[in-house]
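This is target_39.pdb (PDB, C-alpha atoms and all ligand atoms).
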```pdb
ATOM      1  CA  MET P   1      26.566   4.800 -27.244
ATOM      2  CA  VAL P   2      22.984   3.731 -26.721
ATOM      3  CA  LYS P   3      22.499   0.712 -24.501
ATOM      4  CA  PRO P   4      19.541  -1.607 -25.101
ATOM      5  CA  PRO P   5      16.822  -1.495 -22.449
ATOM      6  CA  ARG P   6      17.191  -3.909 -19.554
ATOM      7  CA  LYS P   7      15.361  -7.148 -20.283
ATOM      8  CA  LYS P   8      12.747  -8.066 -17.739
ATOM      9  CA  SER P   9      11.222 -11.141 -19.264
ATOM     10  CA  SER P  10      10.095 -12.498 -15.900
ATOM     11  CA  SER P  11       7.821  -9.491 -15.197
ATOM     12  CA  LYS P  12       4.332 -10.577 -16.001
ATOM     13  CA  TYR P  13       2.354  -8.807 -13.312
ATOM     14  CA  THR P  14       4.700  -6.076 -12.122
ATOM     15  CA  TYR P  15       6.365  -3.103 -13.768
ATOM     16  CA  GLY P  16       8.771  -0.504 -12.567
ATOM     17  CA  PRO P  17       9.345   0.906 -10.055
ATOM     18  CA  VAL P  18       8.365   3.861 -12.186
ATOM     19  CA  PRO P  19       8.502   7.513 -11.107
ATOM     20  CA  SER P  20       4.964   8.532 -10.250
ATOM     21  CA  ARG P  21       3.693  12.053  -9.780
ATOM     22  CA  ARG P  22       2.047  11.139  -6.497
ATOM     23  CA  LEU P  23       3.550   7.888  -5.311
ATOM     24  CA  GLY P  24       7.297   8.388  -5.721
ATOM     25  CA  HIS P  25       8.952   5.126  -6.825
ATOM     26  CA  SER P  26       5.877   3.086  -7.529
ATOM     27  CA  LEU P  27       5.970  -0.639  -8.251
ATOM     28  CA  GLY P  28       2.982  -1.247 -10.524
ATOM     29  CA  ILE P  29       0.992  -4.443 -10.011
ATOM     30  CA  ASP P  30      -1.133  -5.244 -13.023
ATOM     31  CA  ILE P  31      -3.694  -7.964 -12.354
ATOM     32  CA  ILE P  32      -6.166  -7.367 -15.170
ATOM     33  CA  PRO P  33      -5.710  -8.171 -18.887
ATOM     34  CA  HIS P  34      -5.124  -5.191 -21.153
ATOM     35  CA  LYS P  35      -8.157  -2.901 -21.368
ATOM     36  CA  ASN P  36     -10.653  -5.006 -19.466
ATOM     37  CA  CYS P  37     -12.481  -2.146 -17.831
ATOM     38  CA  SER P  38     -15.913  -0.924 -16.813
ATOM     39  CA  PHE P  39     -15.163   2.355 -18.619
ATOM     40  CA  ASP P  40     -13.878   3.350 -22.046
ATOM     41  CA  CYS P  41     -12.697   6.840 -21.179
ATOM     42  CA  ILE P  42     -12.156   9.330 -23.964
ATOM     43  CA  TYR P  43      -8.910  10.375 -22.251
ATOM     44  CA  CYS P  44      -7.555   6.849 -21.705
ATOM     45  CA  GLN P  45      -3.871   6.626 -22.565
ATOM     46  CA  LEU P  46      -4.129   2.893 -23.218
ATOM     47  CA  GLY P  47      -6.488   3.140 -26.201
ATOM     48  CA  LYS P  48      -9.949   1.637 -26.547
ATOM     49  CA  THR P  49     -11.468  -0.758 -24.035
ATOM     50  CA  ILE P  50     -11.425  -4.319 -25.347
ATOM     51  CA  ASN P  51     -13.797  -5.886 -22.816
ATOM     52  CA  LYS P  52     -16.237  -3.499 -21.137
ATOM     53  CA  THR P  53     -17.441  -5.336 -18.089
ATOM     54  CA  VAL P  54     -18.488  -5.106 -14.443
ATOM     55  CA  VAL P  55     -18.068  -8.822 -13.819
ATOM     56  CA  ARG P  56     -15.543  -9.591 -11.101
ATOM     57  CA  GLU P  57     -13.391 -12.609 -11.845
ATOM     58  CA  GLU P  58     -10.014 -14.044 -10.973
ATOM     59  CA  TYR P  59      -8.494 -12.534 -14.115
ATOM     60  CA  ALA P  60      -5.005 -13.656 -13.141
ATOM     61  CA  PRO P  61      -3.997 -16.392 -10.661
ATOM     62  CA  VAL P  62      -3.109 -14.882  -7.297
ATOM     63  CA  GLU P  63      -0.137 -17.020  -6.221
ATOM     64  CA  PRO P  64       2.077 -16.192  -9.251
ATOM     65  CA  ILE P  65       1.244 -12.505  -8.717
ATOM     66  CA  LEU P  66       2.339 -12.712  -5.083
ATOM     67  CA  ASP P  67       5.481 -14.693  -5.984
ATOM     68  CA  GLU P  68       6.479 -12.064  -8.508
ATOM     69  CA  VAL P  69       5.973  -9.151  -6.117
ATOM     70  CA  ARG P  70       7.931 -10.954  -3.406
ATOM     71  CA  THR P  71      10.792 -11.553  -5.859
ATOM     72  CA  VAL P  72      10.927  -7.854  -6.745
ATOM     73  CA  LEU P  73      10.869  -6.946  -3.057
ATOM     74  CA  LYS P  74      13.895  -9.179  -2.460
ATOM     75  CA  SER P  75      15.868  -7.264  -5.116
ATOM     76  CA  LYS P  76      16.000  -4.288  -2.706
ATOM     77  CA  VAL P  77      15.226  -1.641  -5.329
ATOM     78  CA  GLN P  78      13.714   1.513  -3.872
ATOM     79  CA  ILE P  79       9.942   1.212  -3.745
ATOM     80  CA  ASP P  80       7.750   3.835  -2.077
ATOM     81  CA  TYR P  81       4.398   2.245  -2.926
ATOM     82  CA  LEU P  82       3.060  -1.041  -4.222
ATOM     83  CA  THR P  83       0.426   0.190  -6.619
ATOM     84  CA  PHE P  84      -2.439  -1.796  -8.083
ATOM     85  CA  SER P  85      -3.036  -0.144 -11.434
ATOM     86  CA  GLY P  86      -2.164  -0.968 -14.974
ATOM     87  CA  SER P  87      -3.928  -2.091 -18.072
ATOM     88  CA  GLY P  88      -7.476  -2.375 -16.780
ATOM     89  CA  GLU P  89      -9.676  -1.715 -13.741
ATOM     90  CA  PRO P  90      -8.010  -3.522 -10.785
ATOM     91  CA  THR P  91     -11.163  -3.902  -8.683
ATOM     92  CA  LEU P  92     -12.545  -6.205 -11.381
ATOM     93  CA  HIS P  93     -10.216  -8.823  -9.917
ATOM     94  CA  LYS P  94     -12.367 -10.599  -7.377
ATOM     95  CA  ARG P  95      -9.377 -11.532  -5.196
ATOM     96  CA  ILE P  96      -7.770  -8.103  -4.955
ATOM     97  CA  GLY P  97      -8.673  -8.078  -1.250
ATOM     98  CA  TYR P  98      -6.751 -11.317  -0.723
ATOM     99  CA  LEU P  99      -3.759  -9.917  -2.625
ATOM    100  CA  ILE P 100      -3.719  -6.750  -0.511
ATOM    101  CA  ASN P 101      -3.960  -8.722   2.711
ATOM    102  CA  GLU P 102      -1.195 -11.143   1.710
ATOM    103  CA  LEU P 103       1.121  -8.295   0.685
ATOM    104  CA  LYS P 104       0.436  -6.596   3.993
ATOM    105  CA  LYS P 105       1.806  -9.703   5.708
ATOM    106  CA  THR P 106       4.924  -9.565   3.491
ATOM    107  CA  THR P 107       6.023  -5.929   3.585
ATOM    108  CA  GLU P 108       5.531  -2.603   5.307
ATOM    109  CA  ILE P 109       5.653  -0.721   2.022
ATOM    110  CA  PRO P 110       2.301   1.044   1.701
ATOM    111  CA  ILE P 111      -0.231  -0.220  -0.804
ATOM    112  CA  ALA P 112      -2.111   2.048  -3.178
ATOM    113  CA  VAL P 113      -5.006   1.196  -5.473
ATOM    114  CA  LEU P 114      -5.665   3.363  -8.510
ATOM    115  CA  THR P 115      -9.257   2.728  -9.492
ATOM    116  CA  ASN P 116     -11.956   4.298 -11.610
ATOM    117  CA  GLY P 117     -14.178   3.796  -8.545
ATOM    118  CA  SER P 118     -17.087   2.498 -10.598
ATOM    119  CA  LEU P 119     -17.460  -0.699  -8.560
ATOM    120  CA  LEU P 120     -17.330   0.899  -5.117
ATOM    121  CA  TYR P 121     -21.115   0.632  -4.996
ATOM    122  CA  MET P 122     -20.546  -3.113  -4.488
ATOM    123  CA  PRO P 123     -20.101  -4.056  -0.798
ATOM    124  CA  ASP P 124     -17.530  -6.756  -1.637
ATOM    125  CA  VAL P 125     -15.342  -4.230  -3.494
ATOM    126  CA  ARG P 126     -15.485  -1.800  -0.570
ATOM    127  CA  ASN P 127     -14.532  -4.607   1.757
ATOM    128  CA  ASP P 128     -11.667  -5.740  -0.490
ATOM    129  CA  LEU P 129     -10.027  -2.303  -0.408
ATOM    130  CA  ARG P 130     -10.302  -1.826   3.360
ATOM    131  CA  ASN P 131      -6.663  -2.684   4.093
ATOM    132  CA  ALA P 132      -5.082  -0.624   1.333
ATOM    133  CA  ASP P 133      -3.215   2.448   2.599
ATOM    134  CA  VAL P 134      -4.321   4.758  -0.184
ATOM    135  CA  VAL P 135      -7.208   4.496  -2.611
ATOM    136  CA  VAL P 136      -7.163   6.865  -5.576
ATOM    137  CA  PRO P 137     -10.592   6.807  -7.207
ATOM    138  CA  THR P 138     -11.664   8.966 -10.132
ATOM    139  CA  LEU P 139     -14.576  11.370 -10.013
ATOM    140  CA  CYS P 140     -14.939  13.669 -12.999
ATOM    141  CA  THR P 141     -18.540  14.825 -12.725
ATOM    142  CA  ALA P 142     -21.759  14.522 -10.780
ATOM    143  CA  ASP P 143     -23.882  14.610 -13.935
ATOM    144  CA  GLN P 144     -24.978  11.357 -15.567
ATOM    145  CA  LYS P 145     -24.881  12.701 -19.143
ATOM    146  CA  VAL P 146     -21.394  14.121 -18.743
ATOM    147  CA  PHE P 147     -20.341  10.914 -16.977
ATOM    148  CA  GLN P 148     -21.448   8.877 -19.997
ATOM    149  CA  LYS P 149     -19.766  11.248 -22.403
ATOM    150  CA  ILE P 150     -16.409  11.042 -20.624
ATOM    151  CA  HIS P 151     -16.327   7.424 -19.531
ATOM    152  CA  ARG P 152     -18.540   5.648 -22.122
ATOM    153  CA  ASN P 153     -19.312   3.406 -19.188
ATOM    154  CA  HIS P 154     -20.764  -0.075 -18.931
ATOM    155  CA  ALA P 155     -24.540   0.246 -19.374
ATOM    156  CA  SER P 156     -25.282  -0.872 -15.821
ATOM    157  CA  LEU P 157     -23.393   2.027 -14.225
ATOM    158  CA  ASP P 158     -24.916   5.199 -12.912
ATOM    159  CA  ILE P 159     -22.962   8.099 -11.433
ATOM    160  CA  HIS P 160     -25.402   8.583  -8.565
ATOM    161  CA  LYS P 161     -25.032   4.941  -7.538
ATOM    162  CA  ILE P 162     -21.245   5.280  -7.775
ATOM    163  CA  ILE P 163     -21.218   8.434  -5.632
ATOM    164  CA  GLU P 164     -23.273   6.681  -2.954
ATOM    165  CA  GLY P 165     -20.680   3.882  -3.073
ATOM    166  CA  TYR P 166     -17.887   6.411  -2.449
ATOM    167  CA  ILE P 167     -19.751   7.804   0.549
ATOM    168  CA  GLU P 168     -20.339   4.313   1.978
ATOM    169  CA  PHE P 169     -16.673   3.482   1.436
ATOM    170  CA  ARG P 170     -15.563   6.613   3.278
ATOM    171  CA  MET P 171     -17.594   5.477   6.272
ATOM    172  CA  ILE P 172     -15.769   2.149   6.626
ATOM    173  CA  TYR P 173     -12.333   3.015   5.267
ATOM    174  CA  LYS P 174      -9.574   4.208   7.608
ATOM    175  CA  GLY P 175      -6.903   4.802   4.941
ATOM    176  CA  LYS P 176      -6.435   7.812   2.699
ATOM    177  CA  ILE P 177      -8.733   8.640  -0.178
ATOM    178  CA  TRP P 178      -7.130  10.813  -2.832
ATOM    179  CA  LEU P 179      -9.890  11.681  -5.250
ATOM    180  CA  GLU P 180      -8.725  12.320  -8.782
ATOM    181  CA  VAL P 181     -10.679  14.755 -10.921
ATOM    182  CA  MET P 182      -9.709  14.490 -14.574
ATOM    183  CA  LEU P 183     -10.606  17.686 -16.395
ATOM    184  CA  ILE P 184     -11.338  17.814 -20.090
ATOM    185  CA  LYS P 185     -11.653  21.119 -21.865
ATOM    186  CA  GLY P 186     -15.226  22.073 -22.719
ATOM    187  CA  ILE P 187     -16.663  18.862 -21.236
ATOM    188  CA  ASN P 188     -16.466  18.989 -17.435
ATOM    189  CA  ASP P 189     -14.638  22.226 -16.650
ATOM    190  CA  GLY P 190     -17.591  24.675 -16.461
ATOM    191  CA  THR P 191     -18.081  26.573 -13.202
ATOM    192  CA  ASP P 192     -21.621  25.229 -12.678
ATOM    193  CA  GLN P 193     -20.380  21.681 -13.095
ATOM    194  CA  ILE P 194     -17.523  22.215 -10.683
ATOM    195  CA  ASN P 195     -19.866  23.728  -8.086
ATOM    196  CA  GLU P 196     -22.128  20.680  -8.429
ATOM    197  CA  LEU P 197     -19.101  18.418  -8.081
ATOM    198  CA  LYS P 198     -17.992  20.247  -4.950
ATOM    199  CA  ILE P 199     -21.300  19.470  -3.226
ATOM    200  CA  VAL P 200     -20.733  15.775  -3.886
ATOM    201  CA  ILE P 201     -17.063  15.870  -2.878
ATOM    202  CA  ASP P 202     -18.014  17.504   0.421
ATOM    203  CA  ARG P 203     -20.173  14.443   1.112
ATOM    204  CA  ILE P 204     -17.404  11.993   0.179
ATOM    205  CA  ILE P 205     -14.836  13.732   2.429
ATOM    206  CA  PRO P 206     -11.647  12.652   0.637
ATOM    207  CA  ASP P 207      -8.272  13.344   2.247
ATOM    208  CA  LYS P 208      -7.050  15.061  -0.894
ATOM    209  CA  ILE P 209      -8.434  16.105  -4.235
ATOM    210  CA  HIS P 210      -6.045  15.799  -7.152
ATOM    211  CA  LEU P 211      -6.757  17.838 -10.246
ATOM    212  CA  ASN P 212      -5.463  16.313 -13.425
ATOM    213  CA  THR P 213      -5.919  16.925 -17.109
ATOM    214  CA  VAL P 214      -5.189  15.229 -20.397
ATOM    215  CA  VAL P 215      -1.389  15.370 -20.542
ATOM    216  CA  ARG P 216      -0.882  12.020 -22.251
ATOM    217  CA  PRO P 217      -2.055  11.097 -25.764
ATOM    218  CA  PRO P 218      -5.751  10.270 -25.253
ATOM    219  CA  SER P 219      -7.952   7.605 -26.762
ATOM    220  CA  GLU P 220      -9.930  10.333 -28.553
ATOM    221  CA  GLU P 221      -8.246  13.345 -30.079
ATOM    222  CA  TYR P 222     -11.115  15.612 -29.055
ATOM    223  CA  ALA P 223     -10.199  15.117 -25.382
ATOM    224  CA  HIS P 224      -8.205  18.308 -24.846
ATOM    225  CA  PRO P 225      -6.433  19.454 -21.680
ATOM    226  CA  VAL P 226      -7.641  22.455 -19.712
ATOM    227  CA  SER P 227      -5.299  25.424 -19.230
ATOM    228  CA  GLN P 228      -3.208  26.141 -16.151
ATOM    229  CA  GLU P 229      -5.498  29.082 -15.460
ATOM    230  CA  THR P 230      -8.590  26.839 -15.469
ATOM    231  CA  LEU P 231      -6.824  24.391 -13.158
ATOM    232  CA  GLN P 232      -6.022  27.224 -10.744
ATOM    233  CA  ASN P 233      -9.611  28.509 -10.807
ATOM    234  CA  ILE P 234     -11.021  25.057 -10.157
ATOM    235  CA  ARG P 235      -8.524  24.482  -7.374
ATOM    236  CA  ARG P 236      -9.778  27.647  -5.678
ATOM    237  CA  ILE P 237     -13.398  26.474  -5.966
ATOM    238  CA  LEU P 238     -12.661  23.002  -4.592
ATOM    239  CA  GLY P 239     -10.766  24.365  -1.609
ATOM    240  CA  GLU P 240      -7.737  23.653   0.498
ATOM    241  CA  LYS P 241      -7.608  19.859   0.080
ATOM    242  CA  CYS P 242      -7.272  20.333  -3.633
ATOM    243  CA  GLU P 243      -3.961  20.282  -5.450
ATOM    244  CA  ILE P 244      -2.898  20.263  -9.046
ATOM    245  CA  VAL P 245      -0.845  17.155  -9.689
ATOM    246  CA  VAL P 246       2.335  17.971 -11.483
ATOM    247  CA  ASP P 247       4.891  15.746 -13.140
ATOM    248  CA  PHE P 248       7.093  13.903 -10.680
ATOM    249  CA  LYS P 249      10.672  14.960 -11.220
ATOM    250  CA  PRO P 250      13.196  12.737  -9.478
ATOM    251  CA  LYS P 251      16.032  14.789  -7.957
ATOM    252  CA  THR P 252      18.613  12.737  -9.803
ATOM    253  CA  ILE P 253      17.730  10.713 -12.845
ATOM    254  CA  ALA P 254      19.040   7.218 -12.317
ATOM    255  CA  ALA P 255      21.473   5.972 -14.924
ATOM    256  CA  GLU P 256      19.242   2.980 -15.548
ATOM    257  CA  TYR P 257      16.317   5.245 -16.317
ATOM    258  CA  THR P 258      18.400   7.174 -18.852
ATOM    259  CA  ASP P 259      19.583   3.917 -20.417
ATOM    260  CA  GLN P 260      16.024   2.674 -20.779
ATOM    261  CA  LEU P 261      14.876   5.963 -22.234
ATOM    262  CA  ASN P 262      17.700   6.114 -24.773
ATOM    263  CA  GLY P 263      17.300   2.434 -25.574
ATOM    264  CA  ILE P 264      13.632   2.865 -26.387
ATOM    265  CA  ALA P 265      14.367   6.006 -28.429
ATOM    266  CA  ALA P 266      16.977   4.021 -30.374
ATOM    267  CA  ILE P 267      14.500   1.251 -31.217
ATOM    268  CA  ILE P 268      11.928   3.794 -32.381
ATOM    269  CA  ALA P 269      14.617   5.528 -34.465
ATOM    270  CA  ARG P 270      14.988   2.350 -36.496
ATOM    271  CA  ARG P 271      11.325   2.055 -37.515
ATOM    272  CA  PRO P 272       7.835   3.180 -36.478
ATOM    273  CA  ILE P 273       6.652   0.793 -33.811
ATOM    274  CA  THR P 274       3.654   0.054 -31.563
ATOM    275  CA  ILE P 275       3.702  -0.198 -27.785
ATOM    276  CA  ASP P 276       2.933  -3.923 -28.061
ATOM    277  CA  ASP P 277       6.006  -4.492 -30.228
ATOM    278  CA  LEU P 278       8.172  -2.387 -27.917
ATOM    279  CA  ALA P 279       6.991  -4.530 -25.016
ATOM    280  CA  LYS P 280       7.916  -7.708 -26.901
ATOM    281  CA  ILE P 281      11.376  -6.418 -27.829
ATOM    282  CA  THR P 282      12.312  -4.959 -24.463
ATOM    283  CA  GLY P 283      10.536  -7.342 -22.110
ATOM    284  CA  LEU P 284       9.187  -4.315 -20.252
ATOM    285  CA  HIS P 285       5.567  -3.931 -19.229
ATOM    286  CA  LYS P 286       3.463  -1.766 -21.539
ATOM    287  CA  ASN P 287       2.739   0.690 -18.764
ATOM    288  CA  GLU P 288       6.410   1.167 -18.045
ATOM    289  CA  ILE P 289       7.055   1.765 -21.728
ATOM    290  CA  LEU P 290       4.242   4.322 -21.752
ATOM    291  CA  LYS P 291       6.060   6.347 -19.113
ATOM    292  CA  TYR P 292       9.142   6.540 -21.322
ATOM    293  CA  ILE P 293       7.016   7.286 -24.372
ATOM    294  CA  GLN P 294       5.481  10.273 -22.551
ATOM    295  CA  VAL P 295       8.942  11.662 -21.829
ATOM    296  CA  LEU P 296      10.086  11.202 -25.449
ATOM    297  CA  LEU P 297       6.890  12.798 -26.773
ATOM    298  CA  LYS P 298       7.331  15.737 -24.421
ATOM    299  CA  LYS P 299      10.944  16.190 -25.525
ATOM    300  CA  ASP P 300       9.831  16.083 -29.192
ATOM    301  CA  VAL P 301      12.107  13.103 -29.821
ATOM    302  CA  ILE P 302       9.220  11.033 -31.198
ATOM    303  CA  GLU P 303       5.681  11.518 -32.476
ATOM    304  CA  LYS P 304       2.555   9.404 -32.524
ATOM    305  CA  SER P 305       0.885   8.395 -35.777
ATOM    306  CA  ARG P 306      -2.008   6.155 -36.696
ATOM    307  CA  HIS P 307      -1.982   3.518 -39.424
ATOM    308  CA  ASP P 308      -4.368   0.614 -40.066
ATOM    309  CA  GLN P 309      -6.238   1.312 -36.786
ATOM    310  CA  LYS P 310      -2.993   1.022 -34.825
ATOM    311  CA  GLU P 311      -0.981   3.646 -32.995
ATOM    312  CA  TYR P 312       2.686   3.867 -33.913
ATOM    313  CA  TYR P 313       5.546   5.903 -32.517
ATOM    314  CA  ARG P 314       8.197   7.226 -34.851
ATOM    315  CA  THR P 315      11.276   9.315 -34.470
ATOM    316  CA  LEU P 316      11.541  13.048 -35.040
ATOM    317  CA  ARG P 317      15.243  13.286 -34.254
ATOM    318  CA  GLY P 318      18.051  11.313 -32.655
ATOM    319  CA  SER P 319      18.046  10.502 -28.948
ATOM    320  CA  ASP P 320      20.204  12.391 -26.426
ATOM    321  CA  ASP P 321      22.847   9.733 -26.065
TER     322      ASP P 321
HETATM  323  S1  LIG P 401      -8.620   5.592 -18.061
HETATM  324 FE1  LIG P 401      -8.716   3.915 -16.622
HETATM  325  S2  LIG P 401     -10.883   3.721 -16.230
HETATM  326 FE2  LIG P 401     -10.723   4.879 -18.088
HETATM  327  S3  LIG P 401     -10.831   3.354 -19.730
HETATM  328 FE3  LIG P 401      -8.660   3.704 -19.277
HETATM  329  S4  LIG P 401      -8.180   2.078 -17.840
HETATM  330 FE4  LIG P 401     -10.414   2.252 -17.852
END
```

Represent the supplied structure as structure tokens.
Amino acid sequence: MVKPPRKKSSSKYTYGPVPSRRLGHSLGIDIIPHKNCSFDCIYCQLGKTINKTVVREEYAPVEPILDEVRTVLKSKVQIDYLTFSGSGEPTLHKRIGYLINELKKTTEIPIAVLTNGSLLYMPDVRNDLRNADVVVPTLCTADQKVFQKIHRNHASLDIHKIIEGYIEFRMIYKGKIWLEVMLIKGINDGTDQINELKIVIDRIIPDKIHLNTVVRPPSEEYAHPVSQETLQNIRRILGEKCEIVVDFKPKTIAAEYTDQLNGIAAIIARRPITIDDLAKITGLHKNEILKYIQVLLKKDVIEKSRHDQKEYYRTLRGSDD
């Protein structure tokens, strides 16, 4: 029998912990409204950017965010990282530095920030991230035209300025930098481009380079993944710090995870539904739902379709209950 997903109506700013390829059991902290971002990436799994901006604001009040994280921490669930990520670019929040510092006083669980890196040219952003344990910024290209093609960035942004920001950040930052390179077939995977990127990466001196590709349904259908062979070739060019990030597979799948997965599959089996509606019904954060959606898509339990400018998910077969 399929159980309904666990209701989490009190989760406004946190989601998970969700299994993450790189961060184990990662408690997501989402401090930016949905798709407020300085980019509108063609590979974005969250759809089109609603507010393209580089203006830093207090997008969500900090005390309720801290209260919510502290409440989750008290519940004693396994958490390997507190991860600022989510529905938009977290460094747009002008008090992210305060949040990191306050959480550092609360817990020893390491803090990660997943960022598109576009604001690291700003001294206040670099300063805000100083006390994070891991910063995972994106760098897909060293070429301005390709940068614009992939990220459809805010008009004020320039890849050369961003790269200089990364280099400045490396000079002051004592934590780990895991640079993520998202590869899109035919757009940024050419050998010349990768060689050019390597020159820049050698100046940034990240601790790791993570190669990724478009494994989740992208914002634009023309954003195709590169092959395993291309990933291997690029890994060889970028050297020993470089690894291909693969799907995190927990050793044992928790019963709760299976319940959530089957519960979501059961809702979709009833009618085609959007992520927003799934979030309303289940009380789960959209990003958490997305993780389950990826699994169901991969297992060919559901498919994505588009109607009236909206993305729906509908069933292909029954769930594995
Ligand atoms: S992938 Fe990240 S940086 Fe790109 S548009 Fe989506 S949220 Fe913004």

I need the residue set behind the PyMOL selection byres (((chain P and resi 229-234) around 9) and not hetatm) for this file; please write it as a PyMOL selection string. chain P and resi 183+189+191+194+211-213+226-228+235-239+242-244

Ground truth for the PyMOL selection byres (((not hetatm)) within 8 of (chain P and resi 401)), written as a ChimeraX atom specification: /P:35-49,86-89,115-116,151

Go through P:Glu63, P:Lys298, P:Thr282, P:Arg22 one by one, measure the shortest atom-to-atom distance of each to Glu180 of chain P using all atoms listed in the file, and give the residue with the smallest value.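 Smallest distance to Glu180 of chain P is found for P:Arg22.
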
To one decimal in Å, tell me the separation between atom CA of Ser11 of chain P and atom CA of Val69 of chain P.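 The value is 9.3 Å.
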
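The coordinates place atom CA of Val134 of chain P at 23.0 Å from atom CA of His160 of chain P.
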
Output of the PyMOL selection byres (((chain P and resi 291-297) around 8) and not hetatm), listed as a list in words: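 So the PyMOL selection byres (((chain P and resi 291-297) around 8) and not hetatm) ends up selecting Val18, Arg216, Gln260, Leu261, Ile264, Ala265, Asn287, Glu288, Ile289, Leu290, Lys298, Lys299, Asp300, Val301, Ile302, Glu303 and Lys304 of chain P.
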
Give me, please, the distance in Å between atom CA of Ser26 of chain P and atom CA of Ile177 of chain P, quoted to one decimal.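 Separation between atom CA of Ser26 of chain P and atom CA of Ile177 of chain P: 17.3 Å.
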
Would you compute the box with edges along x, y and z of the file around segment 26-34 of chain P, including every atom the file lists for it and 3 Å extra on each side, and give its centre and edge lengths in Å to one decimal, as AutoDock Vina command-line options?
```
--center_x -0.1 --center_y -2.5 --center_z -14.3 --size_x 18.1 --size_y 17.3 --size_z 19.6
```

Skip Leu92 of chain P itself and residues of its chain fewer than 5 positions away, then list as a ChimeraX atom specification all residues within 9 Å of it, counting only C-alpha atoms. /P:32,36-38,53-59,119,125

Shell of 9 Å around segment 96-100 of chain P, only C-alpha atoms, local chain residues under 4 positions omitted, as a ChimeraX atom specification: /P:31,58,62-63,65-66,84,90-92,104-105,111,124-125,127-132

Rebuild segment 193-205 of chain P to N, CA and C atoms - output it as a PDB file, in the frame of the given file, please.
```pdb
ATOM      1  N   GLN P 193     -20.680  23.112 -13.306  1.00  0.00           N
ATOM      2  CA  GLN P 193     -20.380  21.681 -13.095  1.00  0.00           C
ATOM      3  C   GLN P 193     -19.451  21.479 -11.910  1.00  0.00           C
ATOM      4  N   ILE P 194     -18.481  22.369 -11.784  1.00  0.00           N
ATOM      5  CA  ILE P 194     -17.523  22.215 -10.683  1.00  0.00           C
ATOM      6  C   ILE P 194     -18.218  22.487  -9.344  1.00  0.00           C
ATOM      7  N   ASN P 195     -19.119  23.458  -9.329  1.00  0.00           N
ATOM      8  CA  ASN P 195     -19.866  23.728  -8.086  1.00  0.00           C
ATOM      9  C   ASN P 195     -20.707  22.511  -7.689  1.00  0.00           C
ATOM     10  N   GLU P 196     -21.314  21.883  -8.675  1.00  0.00           N
ATOM     11  CA  GLU P 196     -22.128  20.680  -8.429  1.00  0.00           C
ATOM     12  C   GLU P 196     -21.228  19.541  -7.907  1.00  0.00           C
ATOM     13  N   LEU P 197     -20.049  19.452  -8.500  1.00  0.00           N
ATOM     14  CA  LEU P 197     -19.101  18.418  -8.081  1.00  0.00           C
ATOM     15  C   LEU P 197     -18.646  18.656  -6.643  1.00  0.00           C
ATOM     16  N   LYS P 198     -18.461  19.921  -6.306  1.00  0.00           N
ATOM     17  CA  LYS P 198     -17.992  20.247  -4.950  1.00  0.00           C
ATOM     18  C   LYS P 198     -18.994  19.765  -3.888  1.00  0.00           C
ATOM     19  N   ILE P 199     -20.269  19.907  -4.180  1.00  0.00           N
ATOM     20  CA  ILE P 199     -21.300  19.470  -3.226  1.00  0.00           C
ATOM     21  C   ILE P 199     -21.135  17.961  -2.952  1.00  0.00           C
ATOM     22  N   VAL P 200     -20.898  17.231  -4.022  1.00  0.00           N
ATOM     23  CA  VAL P 200     -20.733  15.775  -3.886  1.00  0.00           C
ATOM     24  C   VAL P 200     -19.432  15.446  -3.149  1.00  0.00           C
ATOM     25  N   ILE P 201     -18.363  16.148  -3.507  1.00  0.00           N
ATOM     26  CA  ILE P 201     -17.063  15.870  -2.878  1.00  0.00           C
ATOM     27  C   ILE P 201     -17.143  16.160  -1.381  1.00  0.00           C
ATOM     28  N   ASP P 202     -17.864  17.189  -1.006  1.00  0.00           N
ATOM     29  CA  ASP P 202     -18.014  17.504   0.421  1.00  0.00           C
ATOM     30  C   ASP P 202     -18.710  16.368   1.174  1.00  0.00           C
ATOM     31  N   ARG P 203     -19.517  15.597   0.472  1.00  0.00           N
ATOM     32  CA  ARG P 203     -20.173  14.443   1.112  1.00  0.00           C
ATOM     33  C   ARG P 203     -19.228  13.232   1.176  1.00  0.00           C
ATOM     34  N   ILE P 204     -18.330  13.144   0.212  1.00  0.00           N
ATOM     35  CA  ILE P 204     -17.404  11.993   0.179  1.00  0.00           C
ATOM     36  C   ILE P 204     -16.285  12.158   1.222  1.00  0.00           C
ATOM     37  N   ILE P 205     -15.912  13.382   1.481  1.00  0.00           N
ATOM     38  CA  ILE P 205     -14.836  13.732   2.429  1.00  0.00           C
ATOM     39  C   ILE P 205     -13.516  12.999   2.109  1.00  0.00           C
TER      40      ILE P 205
END
```
